[in-house]
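final_12.txt (compact mmCIF, C-alpha atoms)
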```
# COMPACT_ATOMS: atom_id res chain seq x y z
CA ASP A 1 12.50 18.29 25.57
CA ILE A 2 11.68 16.23 22.50
CA GLY A 3 7.95 16.84 22.40
CA PHE A 4 5.65 14.84 20.17
CA MET A 5 6.57 16.88 17.08
CA GLY A 6 10.33 16.60 17.50
CA LEU A 7 10.42 13.21 15.76
CA TYR A 8 8.73 14.65 12.66
CA THR A 9 11.11 17.56 12.01
CA ASP A 10 14.51 18.01 10.40
CA LYS A 11 15.92 17.20 13.88
CA SER A 12 14.29 13.76 13.91
CA LEU A 13 17.53 11.80 13.43
CA HIS A 14 19.12 13.64 16.35
CA TRP A 15 16.20 12.73 18.61
CA LEU A 16 15.94 9.14 17.36
CA ASN A 17 19.62 8.59 18.12
CA TRP A 18 19.33 10.34 21.50
CA ILE A 19 16.41 8.12 22.54
CA GLU A 20 18.34 5.05 21.37
CA ARG A 21 21.27 5.99 23.61
CA GLU A 22 19.01 6.79 26.57
CA HIS A 23 16.56 3.95 25.98
CA ASP A 24 17.29 2.05 29.20
CA ASN A 25 16.94 5.21 31.32
CA ILE A 26 13.72 6.11 29.52
CA ARG A 27 12.33 2.62 30.12
CA ALA A 28 13.10 2.93 33.82
CA THR A 29 11.42 6.33 34.03
CA LEU A 30 8.35 5.09 32.19
CA ALA A 31 8.10 2.00 34.41
CA THR A 32 8.21 4.28 37.46
CA TYR A 33 5.42 6.50 36.13
CA LEU A 34 3.26 3.44 35.55
CA ILE A 35 3.31 2.53 39.24
CA LEU A 36 3.00 6.03 40.71
CA PRO A 37 -0.52 7.04 41.86
CA GLN A 38 -0.42 10.23 39.76
CA GLY A 39 1.85 8.91 37.01
CA ALA A 40 -0.69 7.93 34.35
CA GLU A 41 -0.76 11.29 32.57
CA ARG A 42 3.02 11.55 32.39
CA ALA A 43 3.26 7.94 31.23
CA SER A 44 0.70 8.68 28.52
CA LEU A 45 2.69 11.68 27.30
CA MET A 46 5.87 9.59 27.20
CA VAL A 47 4.26 6.71 25.32
CA ASN A 48 2.66 9.11 22.86
CA THR A 49 6.06 10.64 22.14
CA LEU A 50 8.01 7.39 22.07
CA PHE A 51 5.67 5.28 19.96
CA TRP A 52 7.08 6.78 16.74
CA PHE A 53 10.61 5.96 17.88
CA TRP A 54 9.56 2.40 18.73
CA TYR A 55 7.98 1.97 15.31
CA ARG A 56 10.82 3.50 13.33
CA ARG A 57 13.58 1.64 15.14
CA GLY A 58 11.84 -1.74 15.04
CA TYR A 59 10.63 -2.14 18.64
CA ALA A 60 7.14 -3.33 17.68
CA ILE A 61 6.78 -5.79 20.58
CA GLU A 62 7.94 -3.19 23.09
CA LEU A 63 5.51 -0.64 21.65
CA THR A 64 2.62 -3.02 22.21
CA MET A 65 3.79 -3.91 25.73
CA TRP A 66 3.98 -0.32 26.94
CA THR A 67 0.65 0.72 25.42
CA ASP A 68 -1.08 -2.33 26.92
CA ARG A 69 0.35 -1.57 30.36
CA LEU A 70 -0.69 2.06 30.07
CA LEU A 71 -4.27 1.28 29.06
CA ALA A 72 -4.59 -1.18 31.96
CA LEU A 73 -4.06 1.54 34.58
CA PRO A 74 -7.14 2.40 36.70
CA ALA A 75 -6.67 6.09 35.89
CA MET A 76 -7.02 5.32 32.17
CA GLN A 77 -10.45 3.69 32.38
CA THR A 78 -12.51 6.87 31.97
CA PRO A 79 -12.63 9.16 28.89
CA SER A 80 -9.83 11.72 28.95
CA PRO A 81 -7.21 13.23 26.62
CA SER A 82 -4.68 10.79 28.07
CA ARG A 83 -6.90 7.80 27.28
CA ALA A 84 -7.52 9.14 23.78
CA MET A 85 -3.77 9.44 23.15
CA ALA A 86 -3.12 5.96 24.53
CA LEU A 87 -5.87 4.45 22.37
CA PHE A 88 -4.49 6.21 19.30
CA THR A 89 -1.03 4.81 20.01
CA SER A 90 -2.35 1.32 20.73
CA GLY A 91 -4.55 1.38 17.64
CA SER A 92 -1.60 2.43 15.47
CA SER A 93 0.44 -0.44 16.92
CA ALA A 94 -2.33 -2.93 16.15
CA MET A 95 -2.65 -1.59 12.61
CA TRP A 96 1.08 -1.92 11.91
CA GLN A 97 0.91 -5.52 13.10
CA GLY A 98 -2.01 -6.32 10.81
CA ASN A 99 -4.76 -6.39 13.46
CA GLN A 100 -7.07 -4.02 11.64
CA ASP A 101 -10.30 -4.80 13.52
CA ILE A 102 -8.63 -4.12 16.88
CA ALA A 103 -7.04 -0.99 15.45
CA LEU A 104 -10.37 0.32 14.21
CA GLU A 105 -12.04 -0.27 17.57
CA LYS A 106 -9.34 1.66 19.42
CA VAL A 107 -9.00 4.62 17.06
CA THR A 108 -12.79 4.92 16.86
CA GLU A 109 -12.95 5.29 20.64
CA SER A 110 -10.07 7.77 20.65
CA LEU A 111 -11.84 9.89 18.02
CA ALA A 112 -15.12 9.74 19.95
CA ILE A 113 -13.40 11.01 23.11
CA VAL A 114 -11.87 14.06 21.43
CA GLN A 115 -15.07 14.82 19.53
CA GLN A 116 -17.10 14.66 22.74
CA ALA A 117 -14.61 16.95 24.46
CA GLU A 118 -14.44 19.22 21.38
CA ASN A 119 -10.66 18.98 21.59
CA LYS A 120 -9.52 20.75 18.42
CA GLU A 121 -5.84 20.15 19.18
CA PHE A 122 -6.12 16.36 19.04
CA LEU A 123 -8.98 16.04 16.55
CA PRO A 124 -7.02 16.07 13.26
CA PHE A 125 -4.62 13.41 14.55
CA MET A 126 -7.48 11.11 15.52
CA LEU A 127 -9.27 11.75 12.22
CA MET A 128 -6.13 10.87 10.31
CA GLY A 129 -5.54 7.80 12.49
CA LYS A 130 -8.98 6.36 11.83
CA ALA A 131 -8.74 7.20 8.13
CA VAL A 132 -5.45 5.31 7.81
CA VAL A 133 -6.99 2.23 9.38
CA PHE A 134 -9.85 2.49 6.87
CA ILE A 135 -7.29 2.67 4.03
CA ASN A 136 -5.58 -0.44 5.35
CA MET A 137 -8.97 -2.17 5.35
CA GLY A 138 -9.68 -1.12 1.76
CA ARG A 139 -12.40 1.32 2.87
CA ASP A 140 -10.98 4.29 0.98
CA ASN A 141 -14.32 6.05 0.49
CA GLU A 142 -14.81 6.22 4.25
CA ALA A 143 -11.25 7.47 4.77
CA GLN A 144 -11.48 10.43 2.42
CA PRO A 145 -13.82 12.77 4.37
CA MET A 146 -11.74 12.35 7.52
CA LEU A 147 -8.53 13.08 5.64
CA TYR A 148 -10.03 16.20 4.08
CA GLN A 149 -10.96 17.46 7.55
CA ALA A 150 -7.52 16.63 8.94
CA GLN A 151 -5.77 18.28 6.00
CA VAL A 152 -7.66 21.54 6.49
CA ALA A 153 -7.06 21.50 10.25
CA PHE A 154 -3.32 20.84 9.93
CA LYS A 155 -3.04 23.68 7.41
CA GLU A 156 -4.93 26.08 9.69
CA MET A 157 -2.81 25.01 12.66
CA GLN A 158 0.36 25.40 10.54
CA ILE A 159 1.49 21.85 11.29
CA ALA A 160 3.37 21.37 8.02
CA ASN A 161 4.75 17.89 8.70
CA PHE A 162 1.36 16.32 9.35
CA HIS A 163 -0.20 18.29 6.52
CA ALA A 164 2.29 16.60 4.17
CA ILE A 165 1.64 13.18 5.73
CA THR A 166 -2.12 13.66 5.30
CA LEU A 167 -1.61 14.50 1.62
CA ILE A 168 0.17 11.17 1.19
CA HIS A 169 -2.69 9.31 2.80
CA LEU A 170 -5.12 11.16 0.53
CA GLY A 171 -3.02 9.97 -2.39
CA ASN A 172 -3.21 6.40 -1.09
CA ALA A 173 -7.00 6.64 -0.84
CA GLU A 174 -7.20 7.94 -4.40
CA LEU A 175 -4.98 5.12 -5.62
CA GLY A 176 -7.18 2.60 -3.83
CA LEU A 177 -10.17 4.04 -5.65
CA GLY A 178 -8.40 3.77 -9.01
CA HIS A 179 -7.82 7.52 -9.43
CA ILE A 180 -4.17 7.22 -10.40
CA GLU A 181 -3.45 10.74 -11.65
CA GLN A 182 -5.06 12.31 -8.59
CA ALA A 183 -2.97 10.01 -6.41
CA ARG A 184 0.18 11.09 -8.21
CA ALA A 185 -0.73 14.77 -7.77
CA TYR A 186 -1.18 14.37 -4.01
CA HIS A 187 2.11 12.48 -3.64
CA GLU A 188 4.04 14.99 -5.75
CA GLU A 189 2.64 17.89 -3.71
CA ALA A 190 3.53 16.03 -0.51
CA LEU A 191 7.08 15.37 -1.76
CA VAL A 192 7.64 19.08 -2.39
CA GLN A 193 6.44 19.87 1.12
CA ALA A 194 8.47 17.04 2.65
CA ARG A 195 11.68 18.24 1.01
CA ALA A 196 10.99 21.74 2.35
CA ILE A 197 10.54 20.29 5.85
CA ASN A 198 13.70 18.23 5.26
CA GLU A 199 12.61 15.21 7.29
CA ASN A 200 13.82 11.99 5.70
CA TRP A 201 11.00 9.72 6.80
CA ILE A 202 8.30 11.98 5.34
CA ILE A 203 10.34 12.29 2.13
CA SER A 204 10.71 8.50 1.97
CA PHE A 205 6.98 8.03 2.57
CA ALA A 206 6.15 10.26 -0.40
CA LEU A 207 8.76 8.55 -2.59
CA ASN A 208 7.54 5.06 -1.72
CA ASN A 209 3.99 5.95 -2.67
CA LEU A 210 5.06 7.64 -5.89
CA GLY A 211 6.73 4.29 -6.58
CA GLU A 212 3.40 2.56 -5.98
CA VAL A 213 1.70 4.88 -8.49
CA ALA A 214 4.42 4.24 -11.08
CA ARG A 215 4.25 0.48 -10.50
CA THR A 216 0.46 0.53 -10.91
CA GLN A 217 0.93 2.24 -14.29
CA GLY A 218 3.53 -0.29 -15.39
CA GLN A 219 6.38 2.25 -15.18
CA PHE A 220 8.69 -0.20 -13.47
CA ASP A 221 12.01 1.60 -14.02
CA LEU A 222 10.56 4.78 -12.54
CA ALA A 223 9.05 2.82 -9.65
CA ARG A 224 12.43 1.23 -8.94
CA LYS A 225 14.06 4.69 -8.89
CA TYR A 226 11.57 5.90 -6.29
CA TYR A 227 11.90 2.74 -4.19
CA GLU A 228 15.69 2.85 -4.21
CA GLU A 229 15.81 6.49 -3.12
CA CYS A 230 13.26 5.69 -0.42
CA GLU A 231 15.27 2.72 0.87
CA THR A 232 18.49 4.72 0.93
CA LEU A 233 16.87 7.39 3.09
CA LEU A 234 15.38 4.84 5.47
CA ARG A 235 18.68 3.02 5.92
CA SER A 236 20.47 6.31 6.59
CA THR A 237 18.17 7.00 9.54
CA GLY A 238 18.03 3.46 10.94
CA ASP A 239 14.34 2.97 10.13
CA LYS A 240 14.17 -0.76 10.73
CA GLY A 241 10.37 -0.81 10.79
CA ASP A 242 10.02 0.31 7.20
CA VAL A 243 13.24 -1.09 5.75
CA ALA A 244 11.93 -4.54 6.67
CA ARG A 245 9.14 -4.06 4.11
CA PHE A 246 11.66 -3.75 1.30
```

Kindly return the structure encoded in the file as structure tokens.
Amino acid sequence: DIGFMGLYTDKSLHWLNWIEREHDNIRATLATYLILPQGAERASLMVNTLFWFWYRRGYAIELTMWTDRLLALPAMQTPSPSRAMALFTSGSSAMWQGNQDIALEKVTESLAIVQQAENKEFLPFMLMGKAVVFINMGRDNEAQPMLYQAQVAFKEMQIANFHAITLIHLGNAELGLGHIEQARAYHEEALVQARAINENWIISFALNNLGEVARTQGQFDLARKYYEECETLLRSTGDKGDVARF
């Protein structure tokens, strides 16, 4: 059982490679759930787990296809945890493809659903999701309060991997606001946590953004060092989605 968190741990490469090998069987199972009368919830759980695999291994078009099919189901038309998860996934997909307005609309609805339901388990993820869209839109001031809330929640819930990821996003918001040293501090703290977790994507994410801080300060040799270490990690884990940006 992979579980949503399995792809964010030190076992992530094992699970990424396992899904790659089983991809055709997984597709068939997901397609079956999408046509079963009671299959919407299971399909939602599968898509929510798989969307990170689809992103990391470069299946952007497939990611969009499955989330669109899921959200079109009759069972997904009323507010529910499953709809919130599907909207979060679909919004993330839209954001990665540069459709920020669509992304914001979807993650805003997903956040509203979990807030209305007072779902504390999902809330920090939806807060972080909306904040990241704001960062991509240059609305860093609006992102910060949501990231602070998510950071506290992840720490209280002892979800170390997403706590580290949230620190990186806080660093990105600070950099967007011109607070370079604060950005560096967040990224350095996140890198320490990421190395303790020992998950290469989170480590690479921190390194890449430390490179952005160094580049902004004109420290180009240092930036190159960070970027090269980041790229090496991403290539070692087959992260086509992010390697393409280099």

Would you mind listing what lies within 12 Å of A:Met46 as a VMD selection string, with only C-alpha atoms counted and same-chain residues fewer than 3 positions away left out?
chain A and resid 1 to 4 19 26 to 34 39 to 43 49 to 54 63 66 to 67 70 82 85 to 86 89

Would you export the selected residues with C-alpha atoms as a JSON list (two decimals), in the frame of the given file, please?
```
[["chain", "number", "residue", "atom", "x", "y", "z"],
["A", 1, "ASP", "CA", 12.50, 18.29, 25.57],
["A", 2, "ILE", "CA", 11.68, 16.23, 22.50],
["A", 3, "GLY", "CA", 7.95, 16.84, 22.40],
["A", 4, "PHE", "CA", 5.65, 14.84, 20.17],
["A", 19, "ILE", "CA", 16.41, 8.12, 22.54],
["A", 26, "ILE", "CA", 13.72, 6.11, 29.52],
["A", 27, "ARG", "CA", 12.33, 2.62, 30.12],
["A", 28, "ALA", "CA", 13.10, 2.93, 33.82],
["A", 29, "THR", "CA", 11.42, 6.33, 34.03],
["A", 30, "LEU", "CA", 8.35, 5.09, 32.19],
["A", 31, "ALA", "CA", 8.10, 2.00, 34.41],
["A", 32, "THR", "CA", 8.21, 4.28, 37.46],
["A", 33, "TYR", "CA", 5.42, 6.50, 36.13],
["A", 34, "LEU", "CA", 3.26, 3.44, 35.55],
["A", 39, "GLY", "CA", 1.85, 8.91, 37.01],
["A", 40, "ALA", "CA", -0.69, 7.93, 34.35],
["A", 41, "GLU", "CA", -0.76, 11.29, 32.57],
["A", 42, "ARG", "CA", 3.02, 11.55, 32.39],
["A", 43, "ALA", "CA", 3.26, 7.94, 31.23],
["A", 49, "THR", "CA", 6.06, 10.64, 22.14],
["A", 50, "LEU", "CA", 8.01, 7.39, 22.07],
["A", 51, "PHE", "CA", 5.67, 5.28, 19.96],
["A", 52, "TRP", "CA", 7.08, 6.78, 16.74],
["A", 53, "PHE", "CA", 10.61, 5.96, 17.88],
["A", 54, "TRP", "CA", 9.56, 2.40, 18.73],
["A", 63, "LEU", "CA", 5.51, -0.64, 21.65],
["A", 66, "TRP", "CA", 3.98, -0.32, 26.94],
["A", 67, "THR", "CA", 0.65, 0.72, 25.42],
["A", 70, "LEU", "CA", -0.69, 2.06, 30.07],
["A", 82, "SER", "CA", -4.68, 10.79, 28.07],
["A", 85, "MET", "CA", -3.77, 9.44, 23.15],
["A", 86, "ALA", "CA", -3.12, 5.96, 24.53],
["A", 89, "THR", "CA", -1.03, 4.81, 20.01]]
```

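Counting from atom CA of A:Ile113, the distance to atom CA of A:Ala84 is 6.2 Å.
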
To one decimal place, how far is atom CA of A:Val243 from atom CA of A:Trp15 in Å?
19.1 Å

Residue nearest A:Val133 - candidates A:Met146, A:Leu167, A:Ala103, A:Ala223, atoms counted: all atoms listed in the file
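Going through A:Met146, A:Leu167, A:Ala103, A:Ala223 one by one, the smallest distance to A:Val133 is for A:Ala103.
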
Counting all atoms listed in the file, what is within 12 Å of A:Gly241, bar same-chain residues fewer than 5 positions away, as a PyMOL selection string?
chain A and resi 51-61+63+93+96-97+201+231+234-235+246

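Shortest separation to A:Leu36 among A:Met65, A:Ser80, A:Ala75, A:Gly171 occurs at residue A:Ala75, atoms counted being only C-alpha atoms.
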
Taking (0.4, 19.4, -3.5) in the file's coordinates, which residues come within 12 Å, counting only C-alpha atoms, written as a ChimeraX atom specification?
/A:151,163-168,170-171,182-194,206

Quick one: pull the distance between atom CA of A:Ser236 and atom CA of A:Ile135, Å, one decimal.
28.1 Å

Edge lengths and centre in Å, axis-aligned, stretch 71-80 of chain A plus 3 Å each side, as AutoDock Vina command-line options:
```
--center_x -8.3 --center_y 5.3 --center_z 32.8 --size_x 14.6 --size_y 18.9 --size_z 13.8
```

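For A:Gly211, the non-local neighbours within 10 Å, defined as residues at least 2 positions apart in the same chain or in other chains and counting only C-alpha atoms, are A:Arg184, A:His187, A:Phe205, A:Ala206, A:Leu207, A:Asn208, A:Asn209, A:Val213, A:Ala214, A:Arg215, A:Thr216, A:Gln217, A:Gln219, A:Phe220, A:Asp221, A:Leu222, A:Ala223, A:Arg224, A:Lys225, A:Tyr226, A:Tyr227, A:Glu228, A:Glu229, A:Cys230.
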
Would you please work out which residue, of A:Val132, A:Tyr148, A:Glu156, A:Arg83, is nearest to A:Asn48 when using all atoms listed in the file?
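Between A:Val132, A:Tyr148, A:Glu156, A:Arg83, the residue approaching A:Asn48 most closely is A:Arg83.
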
Closest to A:Ala150 among A:Trp18, A:Phe125, A:Tyr8, A:Phe88, using only C-alpha atoms?
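Among the listed residues, A:Phe125 lies closest to A:Ala150.
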
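Distances from A:Leu123, A:Met137, A:Met128, A:Ala173 to A:Met95 were compared using all atoms listed in the file, and the smallest one belongs to A:Met137.
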
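Minimum distance to A:Asn200 across A:Leu233, A:Pro79, A:Glu174, A:Ile180 (counting all atoms listed in the file) occurs at A:Leu233.
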